[in-house]
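Containing CSV, C-alpha atoms: target.csv.
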```csv
chain,number,residue,atom,x,y,z
A,1,MET,CA,-29.9,-7.2,-0.3
A,2,TYR,CA,-26.9,-9.3,-1.2
A,3,ALA,CA,-24.5,-6.3,-1.2
A,4,SER,CA,-24.1,-6.5,2.6
A,5,TYR,CA,-23.1,-10.1,2.6
A,6,ASP,CA,-21.4,-11.0,-0.7
A,7,SER,CA,-18.3,-9.1,-2.0
A,8,ARG,CA,-19.4,-9.7,-5.6
A,9,TYR,CA,-22.4,-7.3,-5.1
A,10,ARG,CA,-20.7,-4.6,-3.0
A,11,THR,CA,-19.5,-1.3,-4.5
A,12,LYS,CA,-15.7,-1.6,-4.7
A,13,PRO,CA,-12.7,0.3,-5.9
A,14,GLN,CA,-11.2,-0.4,-9.3
A,15,ARG,CA,-8.0,-2.4,-9.1
A,16,TRP,CA,-5.9,0.3,-11.0
A,17,ARG,CA,-6.9,2.8,-8.3
A,18,ILE,CA,-5.6,0.5,-5.6
A,19,ALA,CA,-2.4,0.0,-7.5
A,20,LEU,CA,-1.9,3.7,-8.1
A,21,VAL,CA,-2.7,4.8,-4.5
A,22,SER,CA,-0.5,2.0,-3.1
A,23,LEU,CA,2.4,3.1,-5.3
A,24,CYS,CA,2.1,6.6,-4.0
A,25,HIS,CA,1.8,5.4,-0.4
A,26,ILE,CA,5.0,3.4,-0.6
A,27,LEU,CA,7.0,6.3,-2.2
A,28,LEU,CA,5.8,8.7,0.5
A,29,GLY,CA,6.3,6.1,3.3
A,30,VAL,CA,9.9,5.4,2.4
A,31,THR,CA,10.6,9.1,2.0
A,32,ILE,CA,9.3,9.8,5.5
A,33,THR,CA,11.1,6.8,7.0
A,34,ASN,CA,14.5,7.7,5.4
A,35,ALA,CA,14.1,11.3,6.6
A,36,ILE,CA,13.6,10.0,10.2
A,37,VAL,CA,16.5,7.6,9.8
A,38,SER,CA,18.8,10.3,8.6
A,39,ILE,CA,17.9,12.5,11.6
A,40,GLY,CA,18.8,9.5,13.8
A,41,ASP,CA,22.1,9.2,12.0
A,42,ILE,CA,23.0,12.8,12.8
A,43,ALA,CA,21.7,12.6,16.4
A,44,ILE,CA,23.8,9.5,17.1
A,45,LEU,CA,26.9,11.1,15.6
A,46,ARG,CA,26.4,14.3,17.6
A,47,SER,CA,26.3,12.3,20.8
A,48,ALA,CA,30.0,11.7,20.6
A,49,PRO,CA,32.1,14.2,22.5
A,50,ASN,CA,33.5,17.4,21.0
A,51,MET,CA,31.3,17.2,17.9
A,52,PRO,CA,30.5,20.4,16.0
A,53,ASP,CA,27.1,22.0,16.6
A,54,ALA,CA,25.8,21.3,13.1
A,55,TRP,CA,23.1,19.3,11.4
A,56,VAL,CA,22.7,17.9,7.8
A,57,ILE,CA,19.2,17.8,6.5
A,58,TYR,CA,18.6,15.0,3.9
A,59,ALA,CA,15.3,13.4,3.0
A,60,THR,CA,14.9,11.2,-0.1
A,61,PRO,CA,13.3,7.7,-0.7
A,62,TRP,CA,16.6,6.4,-2.2
A,63,LEU,CA,19.3,7.1,0.3
A,64,THR,CA,20.0,7.8,4.0
A,65,LEU,CA,22.9,9.7,5.5
A,66,LYS,CA,24.7,6.9,7.2
A,67,PRO,CA,26.7,5.7,4.1
A,68,VAL,CA,28.3,9.1,3.7
A,69,LEU,CA,28.7,10.2,7.3
A,70,PRO,CA,32.3,10.5,8.6
A,71,HIS,CA,33.9,7.7,10.5
A,72,ILE,CA,34.4,8.5,14.2
A,73,VAL,CA,37.9,7.5,15.1
A,74,LYS,CA,37.5,8.0,18.8
A,75,ALA,CA,36.1,4.8,20.4
A,76,ARG,CA,32.6,5.2,21.7
A,77,ASP,CA,29.8,2.8,22.6
A,78,PHE,CA,26.6,3.7,20.8
A,79,THR,CA,24.6,0.8,22.0
A,80,ASN,CA,22.1,2.9,24.0
A,81,GLU,CA,21.5,5.3,21.2
A,82,LEU,CA,21.1,2.5,18.7
A,83,LEU,CA,18.6,0.8,20.9
A,84,ILE,CA,16.6,3.9,21.4
A,85,TRP,CA,16.4,4.7,17.7
A,86,THR,CA,15.7,1.1,16.6
A,87,GLY,CA,13.1,0.7,19.3
A,88,GLY,CA,11.5,4.0,18.5
A,89,LEU,CA,11.2,3.2,14.8
A,90,LEU,CA,9.6,-0.2,15.5
A,91,LEU,CA,7.3,1.5,18.0
A,92,LEU,CA,6.2,4.1,15.4
A,93,ALA,CA,5.6,1.2,13.0
A,94,LEU,CA,3.4,-0.6,15.5
A,95,ILE,CA,1.4,2.5,16.3
A,96,ALA,CA,0.9,3.2,12.5
A,97,VAL,CA,-0.4,-0.3,11.9
A,98,TYR,CA,-2.6,-0.7,14.9
A,99,LEU,CA,-3.3,2.7,16.5
A,100,TRP,CA,-3.1,5.2,13.6
A,101,PRO,CA,-6.2,7.5,13.7
A,102,ALA,CA,-7.2,6.6,10.2
A,103,ARG,CA,-10.6,7.6,8.9
A,104,ARG,CA,-13.1,5.0,7.8
A,105,SER,CA,-12.0,5.0,4.2
A,106,ILE,CA,-10.0,2.4,2.3
A,107,ALA,CA,-7.3,4.8,1.2
A,108,SER,CA,-6.6,6.0,4.8
A,109,ARG,CA,-6.4,2.5,6.1
A,110,LEU,CA,-4.0,1.4,3.4
A,111,TRP,CA,-1.8,4.4,4.1
A,112,ALA,CA,-1.6,3.6,7.8
A,113,VAL,CA,-0.5,0.0,7.2
A,114,THR,CA,2.0,1.0,4.4
A,115,LEU,CA,3.5,3.7,6.6
A,116,GLY,CA,3.9,1.1,9.4
A,117,GLN,CA,5.5,-1.4,7.0
A,118,THR,CA,8.0,1.1,5.6
A,119,LEU,CA,8.9,2.3,9.1
A,120,ALA,CA,9.5,-1.3,10.2
A,121,THR,CA,11.6,-2.5,7.1
A,122,PHE,CA,13.4,0.7,5.9
A,123,GLY,CA,13.8,1.9,9.4
A,124,GLY,CA,13.9,-0.4,12.4
A,125,ALA,CA,15.0,-3.6,10.5
A,126,VAL,CA,18.1,-2.1,8.9
A,127,PHE,CA,19.0,0.9,11.1
A,128,VAL,CA,21.8,-0.7,13.1
A,129,PHE,CA,23.1,-3.0,10.3
A,130,ARG,CA,24.3,-0.1,8.2
A,131,GLY,CA,27.3,0.0,10.5
A,132,TYR,CA,28.7,2.2,13.2
A,133,LEU,CA,32.4,2.3,13.8
A,134,GLY,CA,32.8,-0.8,11.7
A,135,GLU,CA,31.5,-3.0,14.6
A,136,VAL,CA,29.5,-6.1,14.2
A,137,PRO,CA,26.0,-5.5,15.6
A,138,GLN,CA,25.3,-7.1,19.0
A,139,PRO,CA,23.1,-10.2,19.1
A,140,MET,CA,20.2,-8.2,20.7
A,141,PHE,CA,19.9,-6.2,17.5
A,142,TYR,CA,19.1,-9.2,15.4
A,143,ALA,CA,15.7,-9.2,17.1
A,144,ALA,CA,14.8,-6.0,15.1
A,145,PRO,CA,14.3,-7.6,11.7
A,146,VAL,CA,12.2,-10.3,13.4
A,147,ILE,CA,9.9,-7.8,15.1
A,148,ALA,CA,9.7,-5.8,11.8
A,149,ALA,CA,8.7,-8.9,9.9
A,150,ILE,CA,5.9,-9.6,12.5
A,151,ILE,CA,4.6,-6.0,12.2
A,152,CYS,CA,4.6,-6.2,8.4
A,153,MET,CA,2.9,-9.6,8.3
A,154,THR,CA,0.1,-8.5,10.7
A,155,GLY,CA,-0.3,-5.3,8.7
A,156,GLU,CA,-0.7,-7.3,5.6
A,157,TRP,CA,-3.3,-9.6,7.1
A,158,SER,CA,-5.3,-6.6,8.3
A,159,THR,CA,-5.1,-5.1,4.8
A,160,ASN,CA,-6.4,-8.4,3.3
A,161,THR,CA,-9.3,-8.4,5.8
A,162,LEU,CA,-10.2,-4.9,4.7
A,163,LEU,CA,-10.0,-5.6,1.0
A,164,GLY,CA,-11.5,-9.1,1.4
A,165,ALA,CA,-14.8,-7.4,2.1
A,166,TYR,CA,-14.8,-6.1,-1.5
A,167,PHE,CA,-12.8,-8.7,-3.5
A,168,GLU,CA,-12.6,-12.5,-3.5
A,169,LEU,CA,-9.3,-13.1,-1.6
A,170,ASP,CA,-9.9,-16.6,-0.2
A,171,SER,CA,-7.7,-18.2,-2.9
A,172,PRO,CA,-3.9,-17.7,-2.6
A,173,VAL,CA,-3.9,-16.9,-6.3
A,174,HIS,CA,-6.3,-14.0,-5.8
A,175,ARG,CA,-4.3,-12.7,-2.8
A,176,LEU,CA,-1.1,-12.9,-4.8
A,177,GLY,CA,-2.7,-10.9,-7.6
A,178,MET,CA,-3.8,-8.2,-5.2
A,179,TRP,CA,-0.4,-8.2,-3.5
A,180,ALA,CA,1.4,-7.8,-6.8
A,181,LEU,CA,-0.8,-4.7,-7.6
A,182,ARG,CA,-0.3,-3.1,-4.2
A,183,MET,CA,3.4,-3.9,-3.4
A,184,LEU,CA,5.5,-4.7,-6.4
A,185,PRO,CA,5.3,-1.4,-8.4
A,186,GLY,CA,6.3,0.9,-5.5
A,187,LEU,CA,9.0,-1.5,-4.1
A,188,ALA,CA,10.5,-1.9,-7.6
A,189,VAL,CA,10.8,1.8,-8.0
A,190,ILE,CA,12.5,2.2,-4.6
A,191,ALA,CA,14.9,-0.7,-5.3
A,192,PHE,CA,15.7,0.7,-8.7
A,193,LEU,CA,16.5,4.2,-7.3
A,194,SER,CA,18.5,2.8,-4.4
A,195,TYR,CA,20.5,0.4,-6.5
A,196,PHE,CA,21.8,3.1,-8.9
A,197,ILE,CA,22.9,5.3,-6.1
A,198,HIS,CA,24.6,2.3,-4.4
A,199,TYR,CA,22.4,2.2,-1.3
A,200,ASP,CA,22.3,-1.5,-0.8
A,201,PHE,CA,20.2,-1.4,2.3
A,202,GLY,CA,17.4,0.3,0.3
A,203,VAL,CA,17.4,-2.6,-2.1
A,204,ILE,CA,17.6,-5.2,0.7
A,205,ALA,CA,14.7,-3.5,2.6
A,206,ALA,CA,12.5,-3.4,-0.6
A,207,GLY,CA,13.2,-7.0,-1.3
A,208,GLY,CA,12.6,-8.0,2.3
A,209,LEU,CA,9.3,-6.2,2.5
A,210,ALA,CA,8.2,-7.8,-0.8
A,211,ALA,CA,9.2,-11.3,0.5
A,212,ILE,CA,7.6,-11.0,4.0
A,213,THR,CA,4.3,-9.7,2.6
A,214,LEU,CA,4.3,-12.4,0.0
A,215,LEU,CA,4.7,-15.0,2.7
A,216,ALA,CA,1.9,-13.4,4.7
A,217,ASN,CA,-0.4,-13.7,1.8
A,218,LEU,CA,0.5,-17.4,1.4
A,219,MET,CA,0.1,-18.2,5.0
A,220,LYS,CA,-3.4,-16.9,5.9
A,221,LYS,CA,-6.6,-16.1,4.2
A,222,PRO,CA,-8.5,-13.0,5.4
A,223,SER,CA,-11.2,-13.2,8.0
A,224,ARG,CA,-14.7,-11.8,7.2
A,225,SER,CA,-15.3,-8.1,7.8
A,226,MET,CA,-18.6,-6.4,7.4
A,227,GLU,CA,-17.3,-2.9,8.4
A,228,THR,CA,-18.9,-0.1,6.5
A,229,MET,CA,-16.4,2.2,4.8
A,230,ARG,CA,-16.6,5.6,3.2
A,231,GLU,CA,-15.1,6.7,-0.1
A,232,VAL,CA,-15.1,3.0,-1.2
A,233,GLU,CA,-14.4,3.7,-4.8
A,234,MET,CA,-11.2,5.7,-3.9
A,235,ARG,CA,-11.8,8.3,-6.6
A,236,GLU,CA,-10.5,11.2,-4.5
A,237,ALA,CA,-7.5,9.3,-3.3
A,238,ALA,CA,-6.6,8.2,-6.9
A,239,ALA,CA,-6.9,11.8,-8.0
A,240,ALA,CA,-4.9,13.4,-5.2
A,241,MET,CA,-2.2,11.0,-4.2
A,242,PRO,CA,-0.3,11.1,-7.6
A,243,PHE,CA,0.0,14.9,-7.3
A,244,ILE,CA,1.2,14.6,-3.7
A,245,ALA,CA,3.7,11.9,-4.5
A,246,ALA,CA,4.9,13.7,-7.7
A,247,LEU,CA,5.4,17.0,-5.7
A,248,VAL,CA,7.4,15.1,-3.0
A,249,LEU,CA,9.6,13.3,-5.5
A,250,ALA,CA,10.2,16.5,-7.6
A,251,GLY,CA,11.0,18.4,-4.4
A,252,ALA,CA,13.5,15.6,-3.3
A,253,PHE,CA,15.2,15.7,-6.7
A,254,PHE,CA,15.3,19.5,-6.8
A,255,ALA,CA,16.5,20.0,-3.2
A,256,PHE,CA,18.7,17.0,-2.7
A,257,GLY,CA,19.7,15.8,-6.2
A,258,TYR,CA,20.4,12.3,-7.1
A,259,ARG,CA,23.9,11.8,-8.5
A,260,PRO,CA,25.7,13.5,-6.8
A,261,PRO,CA,23.4,13.9,-3.7
A,262,ARG,CA,23.2,17.2,-2.0
A,263,GLY,CA,22.3,18.2,1.6
A,264,PHE,CA,21.5,21.3,3.6
A,265,VAL,CA,23.9,22.1,6.4
A,266,VAL,CA,22.5,24.0,9.4
A,267,ALA,CA,25.3,25.5,11.4
A,268,GLY,CA,25.9,28.8,13.2
A,269,GLY,CA,22.4,30.0,12.4
A,270,HIS,CA,23.0,29.6,8.7
A,271,ILE,CA,21.7,27.1,6.1
A,272,THR,CA,23.8,26.2,3.1
A,273,ARG,CA,23.1,23.7,0.3
A,274,GLU,CA,26.2,21.7,-0.6
A,275,PRO,CA,27.1,18.4,-2.2
A,276,LEU,CA,26.6,15.7,0.4
A,277,ALA,CA,30.3,14.7,0.3
A,278,GLY,CA,31.2,18.2,1.4
A,279,ALA,CA,28.2,18.8,3.6
A,280,VAL,CA,29.2,16.0,6.0
A,281,LYS,CA,32.6,17.7,6.6
A,282,ALA,CA,30.7,20.2,8.7
A,283,ILE,CA,30.0,17.5,11.2
A,284,GLU,CA,33.3,15.7,11.1
A,285,PRO,CA,35.0,15.2,14.5
A,286,PRO,CA,37.9,17.6,15.0
A,287,LYS,CA,41.3,16.2,14.0
A,288,PRO,CA,43.9,15.9,16.8
A,289,VAL,CA,46.6,18.4,16.6
A,290,ILE,CA,50.1,17.2,17.4
A,291,ASP,CA,52.5,19.9,18.5
A,292,ILE,CA,56.1,18.9,17.8
A,293,HIS,CA,59.0,20.9,19.2
A,294,TRP,CA,62.4,20.1,17.8
A,295,SER,CA,65.3,20.5,20.0
A,296,ARG,CA,68.7,21.9,18.9
A,297,ARG,CA,72.0,20.3,19.6
A,298,HIS,CA,74.4,22.6,21.4
```
Would you mind giving the structure from this file in structure tokens?
Amino acid sequence: MYASYDSRYRTKPQRWRIALVSLCHILLGVTITNAIVSIGDIAILRSAPNMPDAWVIYATPWLTLKPVLPHIVKARDFTNELLIWTGGLLLLALIAVYLWPARRSIASRLWAVTLGQTLATFGGAVFVFRGYLGEVPQPMFYAAPVIAAIICMTGEWSTNTLLGAYFELDSPVHRLGMWALRMLPGLAVIAFLSYFIHYDFGVIAAGGLAAITLLANLMKKPSRSMETMREVEMREAAAAMPFIAALVLAGAFFAFGYRPPRGFVVAGGHITREPLAGAVKAIEPPKPVIDIHWSRRH
């Protein structure tokens, strides 16, 4: 009779399963986010005039394309494109946190929030700050990290409300313990992989997400939720997610490498796999040709 009212008597997932599933969710979420960000990088570059009709495909959790894309010498204002992609990433994050059609299971709810948080921090919050044409971002773009932080904090509060029905999370100490299980392993892996490939914004985003979710846990205790969930023990998720995450990571290492990174160039109806430093040459802007005619003295 007490199981419906007291978290101590309700069936609950084991903590190691929450930690394992959350680790996989973060790795998958960052991989999806970086893939979308890399598509945006190419799309913005191709919006410049006279660009080659080519795409570079790259999707890993440790790097995006922008650090290796060619510098566009011709002056161009990318403000509209940057606004569209930054706003789109933040909108996707908001949809994932609040409107994702998750099933009534703990694992699916955790996945929706984690995807939203990674889209917000590894996508919208840092998209414009990675630099385009060496320009300082306009003041309006500084709103992106603020919006991303709000999305991540509200997502963290909804997660605590969900887990608070099964664990004692009224104390900040208990909330920090659950936060450490859920967030630190995955973010540490992302930061480690990004650091050794010199992708500073991956490290910054990982640290930022850790800091903002830590603050969210210190600021507010969860409200009470008596929602009935399915697959409460998370057995299926703990069994399946490591295989999915391992396949995605192995596929990323095999397809795109690590050091040096590789990418797939799609141009002229053909797909080739090349080192990333060479792959981006396929989308470099054409060099101006100077035709010099020397005159002879008579």
May I ask for the distance between atom CA of Leu69 of chain A and atom CA of Leu45 of chain A, given in Å to one decimal place? 8.5 Å
Which neighbours of Arg273 of chain A fall inside 7 Å, counting only C-alpha atoms, when residues of the same chain fewer than 3 positions from it are skipped, and could you give them as a list in words? Arg262, Gly263, Phe264 and Val265 of chain A
Expected file: the selected residues, C-alpha atoms, as a compact mmCIF listing (two decimals), keeping the file's coordinate frame:
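For reference, selection_14.txt as written:
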```
# COMPACT_ATOMS: atom_id res chain seq x y z
CA ARG A 262 23.20 17.20 -2.00
CA GLY A 263 22.30 18.20 1.60
CA PHE A 264 21.50 21.30 3.60
CA VAL A 265 23.90 22.10 6.40
```
Just want the 10 Å neighbourhood of Ser47 of chain A, counted on only C-alpha atoms, with same-chain residues fewer than 3 positions away dropped. Output as a list of chain:residue names.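 The residues satisfying every condition are A:Ile42, A:Ala43, A:Ile44, A:Asn50, A:Met51, A:Arg76, A:Phe78, A:Glu81.
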Selection from above, C-alpha atoms, as a PDB file, in the coordinates of the input, can you write it?
```pdb
ATOM      1  CA  ILE A  42      23.000  12.800  12.800  1.00  0.00           C
ATOM      2  CA  ALA A  43      21.700  12.600  16.400  1.00  0.00           C
ATOM      3  CA  ILE A  44      23.800   9.500  17.100  1.00  0.00           C
ATOM      4  CA  ASN A  50      33.500  17.400  21.000  1.00  0.00           C
ATOM      5  CA  MET A  51      31.300  17.200  17.900  1.00  0.00           C
ATOM      6  CA  ARG A  76      32.600   5.200  21.700  1.00  0.00           C
ATOM      7  CA  PHE A  78      26.600   3.700  20.800  1.00  0.00           C
ATOM      8  CA  GLU A  81      21.500   5.300  21.200  1.00  0.00           C
TER       9      GLU A  81
END
```
Close residues, segment 110-122 of chain A itself excluded, 9 Å, only C-alpha atoms, min 2 positions apart in chain, as a PDB file with C-alpha atoms, keeping the file's coordinate frame:
```
ATOM      1  CA  VAL A  21      -2.700   4.800  -4.500  1.00  0.00           C
ATOM      2  CA  SER A  22      -0.500   2.000  -3.100  1.00  0.00           C
ATOM      3  CA  HIS A  25       1.800   5.400  -0.400  1.00  0.00           C
ATOM      4  CA  ILE A  26       5.000   3.400  -0.600  1.00  0.00           C
ATOM      5  CA  LEU A  28       5.800   8.700   0.500  1.00  0.00           C
ATOM      6  CA  GLY A  29       6.300   6.100   3.300  1.00  0.00           C
ATOM      7  CA  VAL A  30       9.900   5.400   2.400  1.00  0.00           C
ATOM      8  CA  ILE A  32       9.300   9.800   5.500  1.00  0.00           C
ATOM      9  CA  THR A  33      11.100   6.800   7.000  1.00  0.00           C
ATOM     10  CA  ASN A  34      14.500   7.700   5.400  1.00  0.00           C
ATOM     11  CA  VAL A  37      16.500   7.600   9.800  1.00  0.00           C
ATOM     12  CA  LEU A  89      11.200   3.200  14.800  1.00  0.00           C
ATOM     13  CA  LEU A  90       9.600  -0.200  15.500  1.00  0.00           C
ATOM     14  CA  LEU A  91       7.300   1.500  18.000  1.00  0.00           C
ATOM     15  CA  LEU A  92       6.200   4.100  15.400  1.00  0.00           C
ATOM     16  CA  ALA A  93       5.600   1.200  13.000  1.00  0.00           C
ATOM     17  CA  LEU A  94       3.400  -0.600  15.500  1.00  0.00           C
ATOM     18  CA  ILE A  95       1.400   2.500  16.300  1.00  0.00           C
ATOM     19  CA  ALA A  96       0.900   3.200  12.500  1.00  0.00           C
ATOM     20  CA  VAL A  97      -0.400  -0.300  11.900  1.00  0.00           C
ATOM     21  CA  TYR A  98      -2.600  -0.700  14.900  1.00  0.00           C
ATOM     22  CA  LEU A  99      -3.300   2.700  16.500  1.00  0.00           C
ATOM     23  CA  TRP A 100      -3.100   5.200  13.600  1.00  0.00           C
ATOM     24  CA  PRO A 101      -6.200   7.500  13.700  1.00  0.00           C
ATOM     25  CA  ALA A 102      -7.200   6.600  10.200  1.00  0.00           C
ATOM     26  CA  SER A 105     -12.000   5.000   4.200  1.00  0.00           C
ATOM     27  CA  ILE A 106     -10.000   2.400   2.300  1.00  0.00           C
ATOM     28  CA  ALA A 107      -7.300   4.800   1.200  1.00  0.00           C
ATOM     29  CA  SER A 108      -6.600   6.000   4.800  1.00  0.00           C
ATOM     30  CA  GLY A 124      13.900  -0.400  12.400  1.00  0.00           C
ATOM     31  CA  ALA A 125      15.000  -3.600  10.500  1.00  0.00           C
ATOM     32  CA  VAL A 126      18.100  -2.100   8.900  1.00  0.00           C
ATOM     33  CA  PHE A 127      19.000   0.900  11.100  1.00  0.00           C
ATOM     34  CA  ALA A 144      14.800  -6.000  15.100  1.00  0.00           C
ATOM     35  CA  PRO A 145      14.300  -7.600  11.700  1.00  0.00           C
ATOM     36  CA  ILE A 147       9.900  -7.800  15.100  1.00  0.00           C
ATOM     37  CA  ALA A 148       9.700  -5.800  11.800  1.00  0.00           C
ATOM     38  CA  ALA A 149       8.700  -8.900   9.900  1.00  0.00           C
ATOM     39  CA  ILE A 151       4.600  -6.000  12.200  1.00  0.00           C
ATOM     40  CA  CYS A 152       4.600  -6.200   8.400  1.00  0.00           C
ATOM     41  CA  MET A 153       2.900  -9.600   8.300  1.00  0.00           C
ATOM     42  CA  GLY A 155      -0.300  -5.300   8.700  1.00  0.00           C
ATOM     43  CA  GLU A 156      -0.700  -7.300   5.600  1.00  0.00           C
ATOM     44  CA  SER A 158      -5.300  -6.600   8.300  1.00  0.00           C
ATOM     45  CA  THR A 159      -5.100  -5.100   4.800  1.00  0.00           C
ATOM     46  CA  LEU A 162     -10.200  -4.900   4.700  1.00  0.00           C
ATOM     47  CA  PHE A 201      20.200  -1.400   2.300  1.00  0.00           C
ATOM     48  CA  GLY A 202      17.400   0.300   0.300  1.00  0.00           C
ATOM     49  CA  ILE A 204      17.600  -5.200   0.700  1.00  0.00           C
ATOM     50  CA  ALA A 205      14.700  -3.500   2.600  1.00  0.00           C
ATOM     51  CA  ALA A 206      12.500  -3.400  -0.600  1.00  0.00           C
ATOM     52  CA  GLY A 208      12.600  -8.000   2.300  1.00  0.00           C
ATOM     53  CA  LEU A 209       9.300  -6.200   2.500  1.00  0.00           C
TER      54      LEU A 209
END
```
List every residue of segment 176-215 of chain A that has an atom at most 8 Å from any atom of segment 12-20 of chain A, giving for each one its closest atom pair and the distance in Å to one decimal, counting all atoms listed in the file, sorted by chain and then by ascending residue number, as CSV.
```
residue,atom,partner,partner_atom,distance
A:Leu181,CA,A:Ala19,CA,5.0
A:Arg182,CA,A:Ala19,CA,5.0
A:Pro185,CA,A:Ala19,CA,7.9
```
Rounded to one decimal in Å, what is the spacing between atom CA of Ile197 of chain A and atom CA of Arg46 of chain A?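 Those two atoms sit 25.6 Å apart.
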Atom CA of Thr11 of chain A and atom CA of Lys220 of chain A are how many Å apart?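 If I compute the distance from atom CA of Thr11 of chain A to atom CA of Lys220 of chain A, I get 24.7 Å.
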Measuring between all atoms listed in the file, which one of A:Gly207, A:Gly177, A:Gly40, A:Pro139 shows the shortest distance to Ile57 of chain A?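 Among the listed residues, A:Gly40 lies closest to Ile57 of chain A.
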Which of A:Ala180, A:Ala188, A:Met229, A:Ala143 sits closest to Tyr166 of chain A [using only C-alpha atoms]: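 That would be A:Met229, the residue with the smallest distance to Tyr166 of chain A.
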Residue nearest Gly123 of chain A - candidates A:Asp170, A:Glu236, A:Asp41, A:Asp53, atoms counted: all atoms listed in the file: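 Using all atoms listed in the file, Gly123 of chain A sits closest to A:Asp41.
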With distances taken over all atoms listed in the file, which residue among A:Leu63, A:Ala237, A:Met178, A:Val68 lies nearest Phe256 of chain A?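 Going through A:Leu63, A:Ala237, A:Met178, A:Val68 one by one, the smallest distance to Phe256 of chain A is for A:Leu63.
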Between A:Pro67, A:Pro49, A:Gly186, A:Pro61, single out the one closest to Tyr258 of chain A, counting all atoms listed in the file.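 Among the listed residues, the smallest separation from Tyr258 of chain A belongs to A:Pro61.
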Just the residues within 12 Å of Phe253 of chain A, please, counting all atoms listed in the file, with nothing from its chain fewer than 2 positions along; format it as a short mmCIF file (atom, residue, chain, number, x, y, z; two decimals) with C-alpha atoms, in the frame of the given file.
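What follows is the written file around34.cif:
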```cif
data_model
loop_
_atom_site.label_atom_id
_atom_site.label_comp_id
_atom_site.auth_asym_id
_atom_site.auth_seq_id
_atom_site.Cartn_x
_atom_site.Cartn_y
_atom_site.Cartn_z
CA THR A 31 10.60 9.10 2.00
CA TYR A 58 18.60 15.00 3.90
CA ALA A 59 15.30 13.40 3.00
CA THR A 60 14.90 11.20 -0.10
CA PRO A 61 13.30 7.70 -0.70
CA TRP A 62 16.60 6.40 -2.20
CA LEU A 63 19.30 7.10 0.30
CA LEU A 193 16.50 4.20 -7.30
CA ALA A 246 4.90 13.70 -7.70
CA LEU A 247 5.40 17.00 -5.70
CA VAL A 248 7.40 15.10 -3.00
CA LEU A 249 9.60 13.30 -5.50
CA ALA A 250 10.20 16.50 -7.60
CA GLY A 251 11.00 18.40 -4.40
CA ALA A 255 16.50 20.00 -3.20
CA PHE A 256 18.70 17.00 -2.70
CA GLY A 257 19.70 15.80 -6.20
CA TYR A 258 20.40 12.30 -7.10
CA ARG A 259 23.90 11.80 -8.50
CA PRO A 260 25.70 13.50 -6.80
CA PRO A 261 23.40 13.90 -3.70
CA ARG A 262 23.20 17.20 -2.00
CA GLY A 263 22.30 18.20 1.60
#
```
Using the file's own x, y and z axes, so that the box edges lie along x, y and z, what centre and edge lengths in Å (one decimal) does a box around every listed atom of segment 56-70 of chain A get when 4 Å is added on each side? Give it as lines of an AutoDock Vina configuration file.
```
center_x = 22.8
center_y = 11.8
center_z = 3.2
size_x = 27.0
size_y = 20.2
size_z = 18.8
```
